[in-house]
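**Student:** Dropping in model.csv, with CSV, C-alpha atoms and all ligand atoms.
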chain,number,residue,atom,x,y,z
A,185,MET,CA,-37.1,-8.5,43.3
A,186,HIS,CA,-35.6,-6.1,40.7
A,187,ASP,CA,-35.4,-2.3,41.2
A,188,ALA,CA,-37.0,-1.3,37.9
A,189,LEU,CA,-38.4,-2.9,34.7
A,190,TRP,CA,-38.5,-1.3,31.3
A,191,THR,CA,-41.2,-2.6,28.9
A,192,ASN,CA,-43.0,-1.6,25.8
A,193,CYS,CA,-39.7,-1.4,24.0
A,194,HIS,CA,-37.5,-3.1,21.5
A,195,LEU,CA,-33.9,-3.9,22.4
A,196,ALA,CA,-30.7,-3.7,20.4
A,197,THR,CA,-28.6,-5.5,22.9
A,198,MET,CA,-25.5,-5.3,20.6
A,199,ARG,CA,-24.3,-8.7,21.9
A,200,ALA,CA,-23.7,-10.0,18.4
A,201,GLY,CA,-24.8,-8.0,15.4
A,202,CYS,CA,-27.5,-5.7,16.7
A,203,GLY,CA,-28.9,-8.5,19.0
A,204,GLU,CA,-32.4,-7.4,18.4
A,205,ILE,CA,-35.2,-8.4,20.7
A,206,ARG,CA,-38.6,-7.1,19.7
A,207,ASP,CA,-41.1,-6.5,22.4
A,208,GLY,CA,-38.4,-6.9,25.0
A,209,ALA,CA,-38.0,-6.2,28.7
A,210,LEU,CA,-35.0,-5.0,30.6
A,211,ALA,CA,-34.6,-4.9,34.4
A,212,VAL,CA,-32.2,-2.9,36.5
A,213,THR,CA,-31.0,-3.6,40.0
A,214,GLY,CA,-28.4,-1.6,41.9
A,215,GLY,CA,-27.5,0.4,38.8
A,216,ARG,CA,-26.8,-2.7,36.8
A,217,ILE,CA,-28.7,-4.7,34.3
A,218,SER,CA,-30.3,-7.6,36.1
A,219,TRP,CA,-32.5,-9.2,33.3
A,220,VAL,CA,-32.8,-8.8,29.5
A,221,GLY,CA,-35.0,-10.8,27.2
A,222,PRO,CA,-38.4,-11.0,25.4
A,223,ARG,CA,-41.2,-9.6,27.5
A,224,SER,CA,-43.1,-12.8,27.2
A,225,GLU,CA,-40.3,-14.6,29.1
A,226,TRP,CA,-40.0,-12.0,32.0
A,227,PRO,CA,-40.2,-14.1,35.1
A,228,GLY,CA,-39.6,-11.6,37.9
A,229,ARG,CA,-41.1,-8.7,39.8
A,230,ALA,CA,-39.8,-5.2,39.9
A,231,SER,CA,-40.5,-2.4,42.4
A,232,GLU,CA,-41.0,0.2,39.6
A,233,GLU,CA,-42.1,-0.1,36.0
A,234,HIS,CA,-41.2,2.2,33.1
A,235,ASP,CA,-43.2,2.3,29.9
A,236,ALA,CA,-40.8,3.0,27.0
A,237,ARG,CA,-43.7,3.8,24.7
A,238,GLY,CA,-42.4,1.7,21.9
A,239,ALA,CA,-38.9,3.1,21.8
A,240,TRP,CA,-35.8,1.2,20.8
A,241,ILE,CA,-33.3,0.8,23.6
A,242,THR,CA,-29.6,0.6,22.8
A,243,PRO,CA,-26.5,0.6,25.1
A,244,GLY,CA,-25.5,4.3,25.7
A,245,LEU,CA,-23.3,5.4,22.9
A,246,ILE,CA,-19.5,5.5,23.5
A,247,ASP,CA,-17.3,8.0,21.9
A,248,CYS,CA,-13.8,6.5,22.4
A,249,HIS,CA,-11.6,9.2,20.9
A,250,THR,CA,-12.1,13.0,21.5
A,251,HIS,CA,-10.0,16.1,22.2
A,252,LEU,CA,-12.9,17.8,24.0
A,253,VAL,CA,-11.0,20.1,26.3
A,254,TYR,CA,-9.4,23.1,24.6
A,255,ALA,CA,-9.9,26.9,24.2
A,256,GLY,CA,-10.3,28.9,21.0
A,257,ASN,CA,-11.2,27.6,17.6
A,258,ARG,CA,-9.7,27.2,14.2
A,259,ALA,CA,-12.3,28.6,11.8
A,260,HIS,CA,-9.6,30.7,10.2
A,261,GLU,CA,-7.6,27.6,9.3
A,262,PHE,CA,-10.8,26.1,7.8
A,263,GLU,CA,-10.9,29.2,5.5
A,264,LEU,CA,-7.2,28.8,4.6
A,265,ARG,CA,-7.7,25.2,3.7
A,266,LEU,CA,-10.7,26.1,1.5
A,267,LYS,CA,-8.3,28.4,-0.3
A,268,GLY,CA,-5.9,25.5,-0.9
A,269,ALA,CA,-3.6,25.3,2.1
A,270,SER,CA,-3.2,21.8,3.5
A,271,TYR,CA,-3.5,20.6,7.1
A,272,GLU,CA,0.2,19.7,7.1
A,273,GLU,CA,1.3,23.0,5.6
A,274,ILE,CA,-0.7,24.9,8.3
A,275,ALA,CA,0.9,22.8,11.0
A,276,ALA,CA,4.4,23.3,9.6
A,277,SER,CA,4.0,27.1,9.6
A,278,GLY,CA,3.2,27.1,13.3
A,279,GLY,CA,-0.6,27.0,13.1
A,280,GLY,CA,-2.6,23.9,13.6
A,281,ILE,CA,-2.3,22.1,16.9
A,282,LEU,CA,0.1,24.8,18.2
A,283,SER,CA,-2.5,27.6,17.8
A,284,THR,CA,-4.9,25.6,20.0
A,285,VAL,CA,-2.0,25.0,22.5
A,286,ALA,CA,-1.5,28.8,22.8
A,287,ALA,CA,-5.2,29.4,23.5
A,288,THR,CA,-5.4,26.4,25.9
A,289,ARG,CA,-2.4,27.4,27.9
A,290,ALA,CA,-3.9,30.9,28.4
A,291,ALA,CA,-7.2,29.5,29.7
A,292,SER,CA,-7.9,28.7,33.4
A,293,GLU,CA,-9.2,25.4,34.6
A,294,ASP,CA,-12.7,26.9,35.1
A,295,GLU,CA,-12.7,28.4,31.7
A,296,LEU,CA,-11.7,25.1,30.1
A,297,PHE,CA,-14.3,23.4,32.1
A,298,ALA,CA,-17.1,25.8,31.1
A,299,LEU,CA,-16.2,25.5,27.4
A,300,ALA,CA,-16.0,21.7,27.5
A,301,SER,CA,-19.2,21.3,29.5
A,302,ARG,CA,-21.1,23.3,26.9
A,303,ARG,CA,-19.8,21.1,24.2
A,304,LEU,CA,-20.5,18.0,26.1
A,305,ALA,CA,-24.2,18.7,26.3
A,306,GLN,CA,-24.6,17.6,22.7
A,307,TRP,CA,-23.2,14.1,23.4
A,308,ARG,CA,-25.6,13.7,26.3
A,309,ARG,CA,-28.5,14.9,24.1
A,310,GLU,CA,-27.5,12.2,21.6
A,311,GLY,CA,-27.6,9.4,24.1
A,312,ALA,CA,-23.9,9.1,24.9
A,313,ALA,CA,-22.9,7.3,28.1
A,314,VAL,CA,-19.1,7.4,27.9
A,315,ILE,CA,-16.7,9.8,26.3
A,316,GLU,CA,-12.9,9.5,26.1
A,317,ILE,CA,-11.1,12.8,26.5
A,318,LYS,CA,-7.4,13.4,25.6
A,319,SER,CA,-4.9,16.0,26.8
A,320,GLY,CA,-2.5,17.3,24.2
A,321,TYR,CA,-3.1,21.0,23.9
A,322,GLY,CA,-1.1,21.9,27.0
A,323,LEU,CA,2.3,20.3,26.2
A,324,ASP,CA,3.8,21.5,29.5
A,325,LEU,CA,3.4,20.2,33.0
A,326,ASP,CA,0.8,22.6,34.2
A,327,ALA,CA,-1.4,22.8,31.2
A,328,GLU,CA,-1.4,19.0,30.5
A,329,LEU,CA,-2.5,18.3,34.1
A,330,ARG,CA,-5.0,21.1,33.9
A,331,MET,CA,-6.7,19.5,30.8
A,332,LEU,CA,-6.8,16.1,32.5
A,333,ARG,CA,-8.3,17.6,35.7
A,334,VAL,CA,-11.0,19.3,33.6
A,335,ALA,CA,-11.7,16.0,31.9
A,336,ARG,CA,-12.0,14.2,35.2
A,337,ARG,CA,-14.4,16.9,36.5
A,338,LEU,CA,-16.6,16.4,33.4
A,339,GLY,CA,-17.1,12.9,34.7
A,340,GLU,CA,-19.9,14.1,37.0
A,341,ALA,CA,-22.2,14.5,33.9
A,342,ILE,CA,-21.1,11.4,31.9
A,343,THR,CA,-18.6,8.6,32.3
A,344,VAL,CA,-15.2,9.9,31.2
A,345,ARG,CA,-12.0,8.0,30.3
A,346,THR,CA,-9.0,10.3,30.2
A,347,THR,CA,-6.0,9.8,27.9
A,348,PHE,CA,-2.6,11.5,28.3
A,349,LEU,CA,-1.5,12.8,24.8
A,350,GLY,CA,1.5,14.9,25.7
A,351,ALA,CA,3.2,13.6,22.5
A,352,HIS,CA,0.7,15.4,20.3
A,353,ALA,CA,3.0,18.1,19.0
A,354,VAL,CA,6.3,19.6,19.8
A,355,PRO,CA,5.7,22.8,21.8
A,356,PRO,CA,7.5,26.0,20.6
A,357,GLU,CA,10.0,26.0,23.5
A,358,TYR,CA,11.3,22.6,22.4
A,359,ARG,CA,11.4,23.3,18.7
A,360,GLY,CA,14.4,21.4,17.2
A,361,ARG,CA,14.8,19.5,20.5
A,362,GLU,CA,12.1,16.9,20.0
A,363,ASP,CA,14.0,14.2,21.9
A,364,ASP,CA,14.4,16.5,24.9
A,365,TYR,CA,10.7,17.1,24.9
A,366,ILE,CA,10.0,13.3,24.8
A,367,GLU,CA,12.4,12.9,27.7
A,368,PHE,CA,10.6,15.7,29.6
A,369,LEU,CA,7.3,13.9,29.0
A,370,CYS,CA,8.6,10.6,30.2
A,371,GLU,CA,10.5,11.9,33.2
A,372,GLU,CA,8.2,14.6,34.5
A,373,VAL,CA,4.7,15.0,32.9
A,374,LEU,CA,3.5,11.5,32.5
A,375,PRO,CA,4.7,10.4,36.0
A,376,ALA,CA,3.0,13.4,37.5
A,377,ALA,CA,-0.2,12.5,35.6
A,378,ALA,CA,0.1,8.9,36.9
A,379,ARG,CA,0.7,10.0,40.4
A,380,GLU,CA,-2.5,12.0,40.4
A,381,ARG,CA,-4.3,9.2,38.7
A,382,LEU,CA,-5.3,11.5,35.9
A,383,ALA,CA,-4.5,9.2,32.9
A,384,ASP,CA,-6.5,6.1,32.1
A,385,ALA,CA,-4.5,5.6,28.9
A,386,VAL,CA,-1.5,7.1,27.0
A,387,ASP,CA,-1.7,8.1,23.4
A,388,ALA,CA,0.8,9.6,20.9
A,389,PHE,CA,0.6,11.2,17.4
A,390,CYS,CA,3.0,9.1,15.3
A,391,GLU,CA,3.3,10.9,12.0
A,392,ARG,CA,5.8,12.8,9.9
A,393,ILE,CA,4.5,16.2,11.2
A,394,ALA,CA,4.6,14.9,14.8
A,395,PHE,CA,6.6,12.1,16.4
A,396,SER,CA,8.7,9.3,15.0
A,397,ALA,CA,8.3,5.6,15.7
A,398,ALA,CA,11.3,5.7,18.1
A,399,GLN,CA,9.9,8.6,20.0
A,400,THR,CA,6.5,7.0,20.3
A,401,GLN,CA,8.1,3.8,21.5
A,402,LYS,CA,9.9,5.7,24.2
A,403,VAL,CA,6.6,7.1,25.5
A,404,PHE,CA,4.9,3.7,25.3
A,405,ARG,CA,7.7,2.1,27.2
A,406,LYS,CA,7.2,4.6,30.0
A,407,ALA,CA,3.5,4.0,30.0
A,408,LYS,CA,4.0,0.3,30.3
A,409,GLU,CA,6.4,0.9,33.2
A,410,LEU,CA,3.6,2.9,34.9
A,411,ASN,CA,1.1,0.2,34.0
A,412,ILE,CA,-1.1,2.4,31.9
A,413,PRO,CA,-2.5,1.0,28.6
A,414,VAL,CA,-1.7,2.7,25.3
A,415,LYS,CA,-3.4,3.7,22.1
A,416,LEU,CA,-2.1,5.5,19.1
A,417,HIS,CA,-2.9,8.1,16.4
A,418,ALA,CA,-1.6,5.9,13.6
A,419,ASP,CA,-1.2,6.2,9.9
A,420,GLN,CA,-3.6,9.2,9.5
A,421,LEU,CA,-1.7,11.1,6.8
A,422,SER,CA,1.0,8.6,5.8
A,423,ASP,CA,1.9,4.9,6.5
A,424,SER,CA,4.2,5.4,9.4
A,425,GLY,CA,4.0,1.8,10.5
A,426,GLY,CA,1.8,3.0,13.3
A,427,ALA,CA,-0.7,0.2,13.3
A,428,ALA,CA,2.0,-2.4,13.8
A,429,LEU,CA,3.8,-0.3,16.4
A,430,ALA,CA,0.6,0.0,18.4
A,431,ALA,CA,0.0,-3.7,18.1
A,432,GLY,CA,3.5,-4.5,19.2
A,433,PHE,CA,2.7,-2.8,22.5
A,434,GLY,CA,-0.6,-4.6,22.9
A,435,ALA,CA,-2.4,-1.2,22.4
A,436,LEU,CA,-6.1,-1.0,23.3
A,437,SER,CA,-6.6,0.7,19.9
A,438,ALA,CA,-5.0,2.2,16.9
A,439,ASP,CA,-6.9,5.1,15.6
A,440,HIS,CA,-7.4,6.8,12.1
A,441,LEU,CA,-5.6,4.1,10.1
A,442,GLU,CA,-6.3,5.6,6.6
A,443,TYR,CA,-2.8,4.6,5.4
A,444,SER,CA,-2.3,1.4,7.3
A,445,SER,CA,-0.9,-1.5,5.4
A,446,GLU,CA,-2.1,-5.1,5.3
A,447,ALA,CA,0.8,-6.1,7.6
A,448,GLY,CA,-0.3,-3.4,10.1
A,449,VAL,CA,-3.9,-4.8,10.1
A,450,GLN,CA,-2.5,-8.3,10.5
A,451,ALA,CA,-0.5,-7.2,13.5
A,452,MET,CA,-3.5,-5.6,15.1
A,453,ALA,CA,-5.6,-8.8,14.6
A,454,ARG,CA,-2.9,-10.9,16.3
A,455,ALA,CA,-2.6,-8.4,19.2
A,456,GLY,CA,-6.4,-7.9,19.7
A,457,THR,CA,-6.0,-4.1,19.1
A,458,VAL,CA,-9.2,-2.4,18.1
A,459,ALA,CA,-9.4,-0.2,15.0
A,460,VAL,CA,-10.9,3.2,15.7
A,461,LEU,CA,-12.1,4.9,12.6
A,462,LEU,CA,-12.7,8.6,12.6
A,463,PRO,CA,-14.7,9.6,9.5
A,464,GLY,CA,-15.2,13.1,10.8
A,465,ALA,CA,-11.5,13.9,10.3
A,466,TYR,CA,-11.5,12.2,7.0
A,467,TYR,CA,-14.5,14.3,5.9
A,468,PHE,CA,-13.3,17.6,7.3
A,469,LEU,CA,-9.8,17.3,5.9
A,470,ARG,CA,-11.2,16.1,2.6
A,471,GLU,CA,-8.9,13.1,2.6
A,472,LYS,CA,-8.9,10.8,-0.3
A,473,GLN,CA,-7.6,7.6,1.2
A,474,THR,CA,-10.1,5.5,3.1
A,475,PRO,CA,-9.0,3.2,5.9
A,476,PRO,CA,-8.6,-0.5,5.0
A,477,VAL,CA,-12.1,-1.6,6.1
A,478,GLU,CA,-12.1,-4.7,4.0
A,479,ALA,CA,-8.8,-6.0,5.4
A,480,LEU,CA,-10.0,-5.2,9.0
A,481,ARG,CA,-13.2,-7.2,8.4
A,482,ARG,CA,-11.3,-10.1,6.7
A,483,ARG,CA,-8.9,-10.4,9.6
A,484,GLY,CA,-11.6,-9.9,12.3
A,485,VAL,CA,-10.3,-6.7,13.8
A,486,PRO,CA,-13.1,-5.0,15.8
A,487,ILE,CA,-14.0,-1.7,14.2
A,488,ALA,CA,-14.9,1.2,16.6
A,489,LEU,CA,-16.0,4.7,15.6
A,490,ALA,CA,-15.5,8.0,17.3
A,491,THR,CA,-16.0,11.7,16.6
A,492,ASP,CA,-12.3,12.7,17.1
A,493,HIS,CA,-13.9,16.0,18.2
A,494,ASN,CA,-11.1,18.7,18.0
A,495,PRO,CA,-10.9,22.2,16.7
A,496,GLY,CA,-8.6,21.4,13.8
A,497,SER,CA,-9.4,18.3,12.0
A,498,SER,CA,-12.8,17.3,13.2
A,499,PRO,CA,-15.0,19.9,14.8
A,500,VAL,CA,-17.8,17.3,15.0
A,501,SER,CA,-20.0,17.3,18.1
A,502,SER,CA,-22.4,14.6,17.0
A,503,PRO,CA,-21.9,10.9,17.6
A,504,LEU,CA,-25.0,10.2,15.5
A,505,LEU,CA,-23.5,12.0,12.5
A,506,VAL,CA,-20.4,9.8,12.8
A,507,LEU,CA,-22.6,6.7,12.4
A,508,ASN,CA,-23.9,8.2,9.1
A,509,LEU,CA,-20.4,9.3,7.9
A,510,ALA,CA,-19.0,5.8,8.6
A,511,CYS,CA,-21.6,4.3,6.4
A,512,THR,CA,-21.6,6.9,3.6
A,513,LEU,CA,-17.8,7.4,3.5
A,514,PHE,CA,-16.3,4.1,4.7
A,515,ARG,CA,-19.1,1.8,3.6
A,516,LEU,CA,-19.8,0.3,7.0
A,517,THR,CA,-23.2,-1.2,7.4
A,518,PRO,CA,-25.5,0.6,9.9
A,519,GLU,CA,-25.2,-2.5,12.1
A,520,GLU,CA,-21.4,-2.3,12.0
A,521,ALA,CA,-21.6,1.5,12.7
A,522,LEU,CA,-23.7,1.0,15.8
A,523,ALA,CA,-21.5,-1.8,17.0
A,524,GLY,CA,-18.6,0.7,16.5
A,525,MET,CA,-20.1,3.2,18.9
A,526,THR,CA,-21.2,0.6,21.5
A,527,ARG,CA,-19.6,-2.8,21.8
A,528,HIS,CA,-16.3,-2.2,20.0
A,529,ALA,CA,-15.9,1.3,21.4
A,530,ALA,CA,-16.1,-0.2,24.9
A,531,HIS,CA,-13.4,-2.6,23.9
A,532,ALA,CA,-11.2,0.3,22.6
A,533,LEU,CA,-11.4,1.8,26.1
A,534,GLY,CA,-10.9,-1.5,27.9
A,535,MET,CA,-14.4,-1.2,29.3
A,536,GLN,CA,-16.0,-4.3,27.7
A,537,ALA,CA,-16.7,-5.9,31.0
A,538,SER,CA,-19.0,-3.1,32.1
A,539,HIS,CA,-20.2,-1.3,29.0
A,540,GLY,CA,-21.1,-1.6,25.3
A,541,THR,CA,-23.9,-4.1,25.3
A,542,LEU,CA,-27.2,-4.7,27.1
A,543,GLU,CA,-26.2,-7.8,29.2
A,544,VAL,CA,-26.8,-8.9,32.7
A,545,GLY,CA,-24.2,-7.5,35.1
A,546,LYS,CA,-23.2,-4.6,32.9
A,547,GLN,CA,-23.8,-1.0,34.0
A,548,ALA,CA,-27.4,0.1,33.3
A,549,ASP,CA,-26.4,2.9,30.8
A,550,PHE,CA,-28.7,3.0,27.9
A,551,ALA,CA,-30.5,5.3,25.5
A,552,LEU,CA,-34.1,5.3,24.2
A,553,TRP,CA,-34.8,6.2,20.6
A,554,GLU,CA,-38.0,7.0,18.8
A,555,VAL,CA,-37.1,5.0,15.6
A,556,GLN,CA,-38.6,2.1,13.7
A,557,SER,CA,-35.3,0.2,13.5
A,558,PRO,CA,-31.7,0.6,14.8
A,559,ALA,CA,-30.5,1.3,11.3
A,560,GLU,CA,-32.3,4.6,11.4
A,561,LEU,CA,-29.7,5.9,13.8
A,562,ALA,CA,-27.1,5.8,11.1
A,563,TYR,CA,-29.5,6.8,8.3
A,564,ALA,CA,-30.8,10.2,9.3
A,565,ILE,CA,-28.6,13.3,9.2
A,566,GLY,CA,-29.2,16.0,11.7
A,567,ALA,CA,-32.2,14.4,13.3
A,568,ASN,CA,-31.9,13.4,17.0
A,569,PRO,CA,-34.4,10.7,17.8
A,570,CYS,CA,-33.1,10.3,21.4
A,571,VAL,CA,-36.0,10.4,23.8
A,572,GLY,CA,-34.3,9.2,27.0
A,573,ARG,CA,-31.0,8.5,28.6
A,574,VAL,CA,-30.5,6.2,31.5
A,575,ARG,CA,-27.3,6.3,33.6
A,576,ALA,CA,-26.6,3.6,36.1
A,577,GLY,CA,-30.3,2.9,36.1
A,578,THR,CA,-31.5,6.4,36.6
A,579,LEU,CA,-33.4,8.2,33.9
A,580,SER,CA,-32.1,11.7,33.0
A,581,ALA,CA,-34.7,14.3,32.0
A,582,GLY,CA,-35.1,13.8,28.3
A,583,CYS,CA,-32.1,13.6,26.0
B,601,LIG,O1,-6.9,13.3,15.8
B,601,LIG,N1,-4.1,13.9,14.5
B,601,LIG,C1,-3.8,14.5,15.5
B,601,LIG,N2,-4.7,15.0,16.4
B,601,LIG,C2,-6.0,15.4,16.0
B,601,LIG,C3,-6.0,16.8,15.4
B,601,LIG,C4,-5.7,17.8,16.4
B,601,LIG,C5,-5.8,19.2,15.8
B,601,LIG,O2,-5.7,19.5,14.6
B,601,LIG,O3,-5.9,20.1,16.7
B,601,LIG,C6,-6.7,14.4,15.3
B,601,LIG,O4,-7.1,14.5,14.1
B,602,FE,FE,-7.5,12.6,17.5
I need this file expressed as structure tokens, please.
**Tutor:**
Amino acid sequence: MHDALWTNCHLATMRAGCGEIRDGALAVTGGRISWVGPRSEWPGRASEEHDARGAWITPGLIDCHTHLVYAGNRAHEFELRLKGASYEEIAASGGGILSTVAATRAASEDELFALASRRLAQWRREGAAVIEIKSGYGLDLDAELRMLRVARRLGEAITVRTTFLGAHAVPPEYRGREDDYIEFLCEEVLPAAARERLADAVDAFCERIAFSAAQTQKVFRKAKELNIPVKLHADQLSDSGGAALAAGFGALSADHLEYSSEAGVQAMARAGTVAVLLPGAYYFLREKQTPPVEALRRRGVPIALATDHNPGSSPVSSPLLVLNLACTLFRLTPEEALAGMTRHAAHALGMQASHGTLEVGKQADFALWEVQSPAELAYAIGANPCVGRVRAGTLSAGC
């Protein structure tokens, strides 16, 4: 006997391609998926039945790269960029990430929690089941841990994976002493985050305006020592060899990748590192160089997508918009885009055993959509066809 059965629905299981099952049935038991298939083949009995009213059901969306916790905003820098200043120039003059650091350091845990919860509501409305949230706007012991605690607290409303991003920028008090800052991160902040079990992964920003390959490697070595998986902001503004560096550490993912070389893509393929593309940042910074999608496809590197929500380069609060941007700007197919926010995004977080597809044994986290086909999710801009969201088998009120 199964706990509950969903019928009068079409399923995009996302097992391979979209894994479409028209007129499907999906059963849930103990918060996990206990049966999936065509309704005509449903063999069992369930205590409860749900009529999905013809909706499409997909795995809950997974946003595998965000900087959701911060205070303040950077609308002023948006205006400066529209007048001709570049993202790198603004960062070099002390604005950029550091302006968000100042605002975040000044905010209490409760203030940060209230701001992030308000933002998070949009992900839930759009059928998200999992969100990854990075630190990186604290850059000192207290504020980095505060950000991660806030991220953990947000896990009551949605499944959260936290990532320690202390190596996001050099804080003002360490200006000119970058190596000392890296040492401080490795000896004090990261071990403290690990002790409190606040970091599910470790990330760094490897770029000419941030940290060198050698500094990134030092952080990654420490992460490995602490047994925490790594991921990397790689090759966003220049080819810094980030893709290959990440692959060399067996990273879960290398993210951005606009300037990654063929050799970098090859290294990722060998290491099984997922490519996380972030079309919101590409769009908002009006970048010209697109990531090497063709090479990623050719070499079979899984492509995930994420909002990269942050106040500077991607103030995007819509996973659905990202599906569309990936198709229009990076030429992904709608099917690739949806896989990028389900199956491959789960993989980018090391959660492929429990999330990302509708398969027996996986957590019953799924979304119901009033659409005619899964492709519609990537096609429409600004529409939100989500009509239901199920977390561990339980239906949330609307989307
Ligand atoms: O992913 N690239 C570095 N970090 C963020 C931007 C952070 C910011 O500008 O505040 C990103 O784009
Ligand atoms: Fe980012």
**Student:** Could you please give me, as a ChimeraX atom specification, the residues of protein, DNA or RNA lying at most 10 Å from (1.8, -10.8, 27.2) in the coordinate frame of the file, considering all atoms listed in the file?
**Tutor:** /A:433-434,455
**Student:** Could you save those same residues with C-alpha atoms as an mmCIF file, in the frame of the given file?
**Tutor:**
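The resulting file, again19.cif, is shown below:
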data_model
loop_
_atom_site.group_PDB
_atom_site.id
_atom_site.type_symbol
_atom_site.label_atom_id
_atom_site.label_comp_id
_atom_site.auth_asym_id
_atom_site.auth_seq_id
_atom_site.Cartn_x
_atom_site.Cartn_y
_atom_site.Cartn_z
ATOM 1 C CA PHE A 433 2.700 -2.800 22.500
ATOM 2 C CA GLY A 434 -0.600 -4.600 22.900
ATOM 3 C CA ALA A 455 -2.600 -8.400 19.200
#
**Student:** I'd like the neighbourhood of range 285-298 of chain A as a compact mmCIF listing (two decimals) with C-alpha atoms, keeping the file's coordinate frame, where a residue qualifies if any of its atoms comes within 6 Å (using all atoms listed in the file), though same-chain residues fewer than 5 positions away should be ignored.
**Tutor:**
# COMPACT_ATOMS: atom_id res chain seq x y z
CA TYR A 254 -9.40 23.10 24.60
CA ALA A 255 -9.90 26.90 24.20
CA GLY A 256 -10.30 28.90 21.00
CA TYR A 321 -3.10 21.00 23.90
CA GLY A 322 -1.10 21.90 27.00
CA ALA A 327 -1.40 22.80 31.20
CA VAL A 334 -11.00 19.30 33.60
**Student:** In Å, with one decimal, what is the gap from CA of Arg482 in chain A to CA of Ala562 in chain A?
**Tutor:**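 Separation between CA of Arg482 in chain A and CA of Ala562 in chain A: 22.8 Å.
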**Student:** Identify which of the residues A:Thr517, A:Ala576, A:Cys570, A:Gln547 lies closest to Gly201 in chain A, counting only C-alpha atoms when measuring atom-to-atom distances.
**Tutor:**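 Of A:Thr517, A:Ala576, A:Cys570, A:Gln547, the one nearest Gly201 in chain A is A:Thr517, counting only C-alpha atoms.
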**Student:** Got a sec to check which residues lie within 10 Å of ligand LIG 601 (chain B), using all atoms listed in the file, and send them as a ChimeraX atom specification?
**Tutor:** /A:249-251,254,257-258,261,271-272,274-275,279-285,318,320-321,349,351-353,388-391,393-394,416-421,439-440,462,464-466,468-469,491-499
**Student:** Considering all atoms listed in the file, can you say which of A:Ala407, A:Ala431, A:Ala259, A:Leu461 comes closest to ligand FE 602 (chain B)?
**Tutor:** A:Leu461
**Student:** Name the closest residue to ligand FE 602 (chain B) among the candidates A:Gly244, A:Pro463, A:Gly572, A:Gly577; distances are taken between atoms, counting only C-alpha atoms and all ligand atoms.
**Tutor:** A:Pro463
**Student:** Between CA of Arg336 in chain A and CA of Arg527 in chain A, what distance in Å does the model show, to one decimal?
**Tutor:**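 We find that CA of Arg336 in chain A and CA of Arg527 in chain A lie 22.9 Å from each other.
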**Student:** Mind pulling up the distance from CA of Ile205 in chain A to CA of Gly221 in chain A?
**Tutor:** 6.9 Å
**Student:** Looking at A:Ala397, A:Leu542, A:Ile565, A:Leu304, which one is nearest to Trp219 in chain A, with distances taken over only C-alpha atoms?
**Tutor:**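 For Trp219 in chain A, the nearest of the given residues is A:Leu542.
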**Student:** I need the residue nearest ligand FE 602 (chain B) from this list: A:Ser319, A:Ser224, A:Thr213, A:Ser231. Use only C-alpha atoms and all ligand atoms for the distance.
**Tutor:**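 Closest to ligand FE 602 (chain B), using only C-alpha atoms and all ligand atoms: A:Ser319.
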**Student:** Can you tell me which residues surround Ala200 in chain A at a distance of at most 10 Å, considering only C-alpha atoms, apart from same-chain residues fewer than 5 positions away, and format the answer as an NGL selection string?
**Tutor:** :A and (519 or 523 or 527 or 541)
**Student:** Neighbours of range 502-513 of chain A within 9 Å (all atoms listed in the file; same-chain residues fewer than 5 positions away dropped), as a PyMOL selection string?
**Tutor:** chain A and resi 245-247+306-307+310-312+461-464+466-467+474+489-491+493+518+520-522+524-525+561-568
**Student:** Skip Arg573 in chain A itself and residues of its chain fewer than 2 positions away, then list as a compact mmCIF listing (two decimals) with C-alpha atoms, in the coordinates of the input all residues within 12 Å of it, counting only C-alpha atoms.
**Tutor:**
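In the end it all went to part_12.txt:
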# COMPACT_ATOMS: atom_id res chain seq x y z
CA ALA A 236 -40.80 3.00 27.00
CA ALA A 239 -38.90 3.10 21.80
CA TRP A 240 -35.80 1.20 20.80
CA ILE A 241 -33.30 0.80 23.60
CA THR A 242 -29.60 0.60 22.80
CA PRO A 243 -26.50 0.60 25.10
CA GLY A 244 -25.50 4.30 25.70
CA LEU A 245 -23.30 5.40 22.90
CA TRP A 307 -23.20 14.10 23.40
CA ARG A 308 -25.60 13.70 26.30
CA ARG A 309 -28.50 14.90 24.10
CA GLU A 310 -27.50 12.20 21.60
CA GLY A 311 -27.60 9.40 24.10
CA ALA A 312 -23.90 9.10 24.90
CA ALA A 313 -22.90 7.30 28.10
CA VAL A 314 -19.10 7.40 27.90
CA ALA A 341 -22.20 14.50 33.90
CA ILE A 342 -21.10 11.40 31.90
CA ALA A 548 -27.40 0.10 33.30
CA ASP A 549 -26.40 2.90 30.80
CA PHE A 550 -28.70 3.00 27.90
CA ALA A 551 -30.50 5.30 25.50
CA LEU A 552 -34.10 5.30 24.20
CA TRP A 553 -34.80 6.20 20.60
CA PRO A 569 -34.40 10.70 17.80
CA CYS A 570 -33.10 10.30 21.40
CA VAL A 571 -36.00 10.40 23.80
CA ARG A 575 -27.30 6.30 33.60
CA ALA A 576 -26.60 3.60 36.10
CA GLY A 577 -30.30 2.90 36.10
CA THR A 578 -31.50 6.40 36.60
CA LEU A 579 -33.40 8.20 33.90
CA SER A 580 -32.10 11.70 33.00
CA ALA A 581 -34.70 14.30 32.00
CA GLY A 582 -35.10 13.80 28.30
CA CYS A 583 -32.10 13.60 26.00
**Student:** Using all atoms listed in the file, which residue out of A:Leu252, A:Val477, A:Ala377, A:Leu195 lies closest to ligand FE 602 (chain B)?
**Tutor:**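 Nearest candidate to ligand FE 602 (chain B) out of A:Leu252, A:Val477, A:Ala377, A:Leu195: A:Leu252.
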**Student:** Using all atoms listed in the file, find all polymer residues with an atom at most 12 Å away from the point (-40.3, -13.8, 30.6); report them as number ranges by chain.
**Tutor:** A: 189, 191, 207-211, 219-229
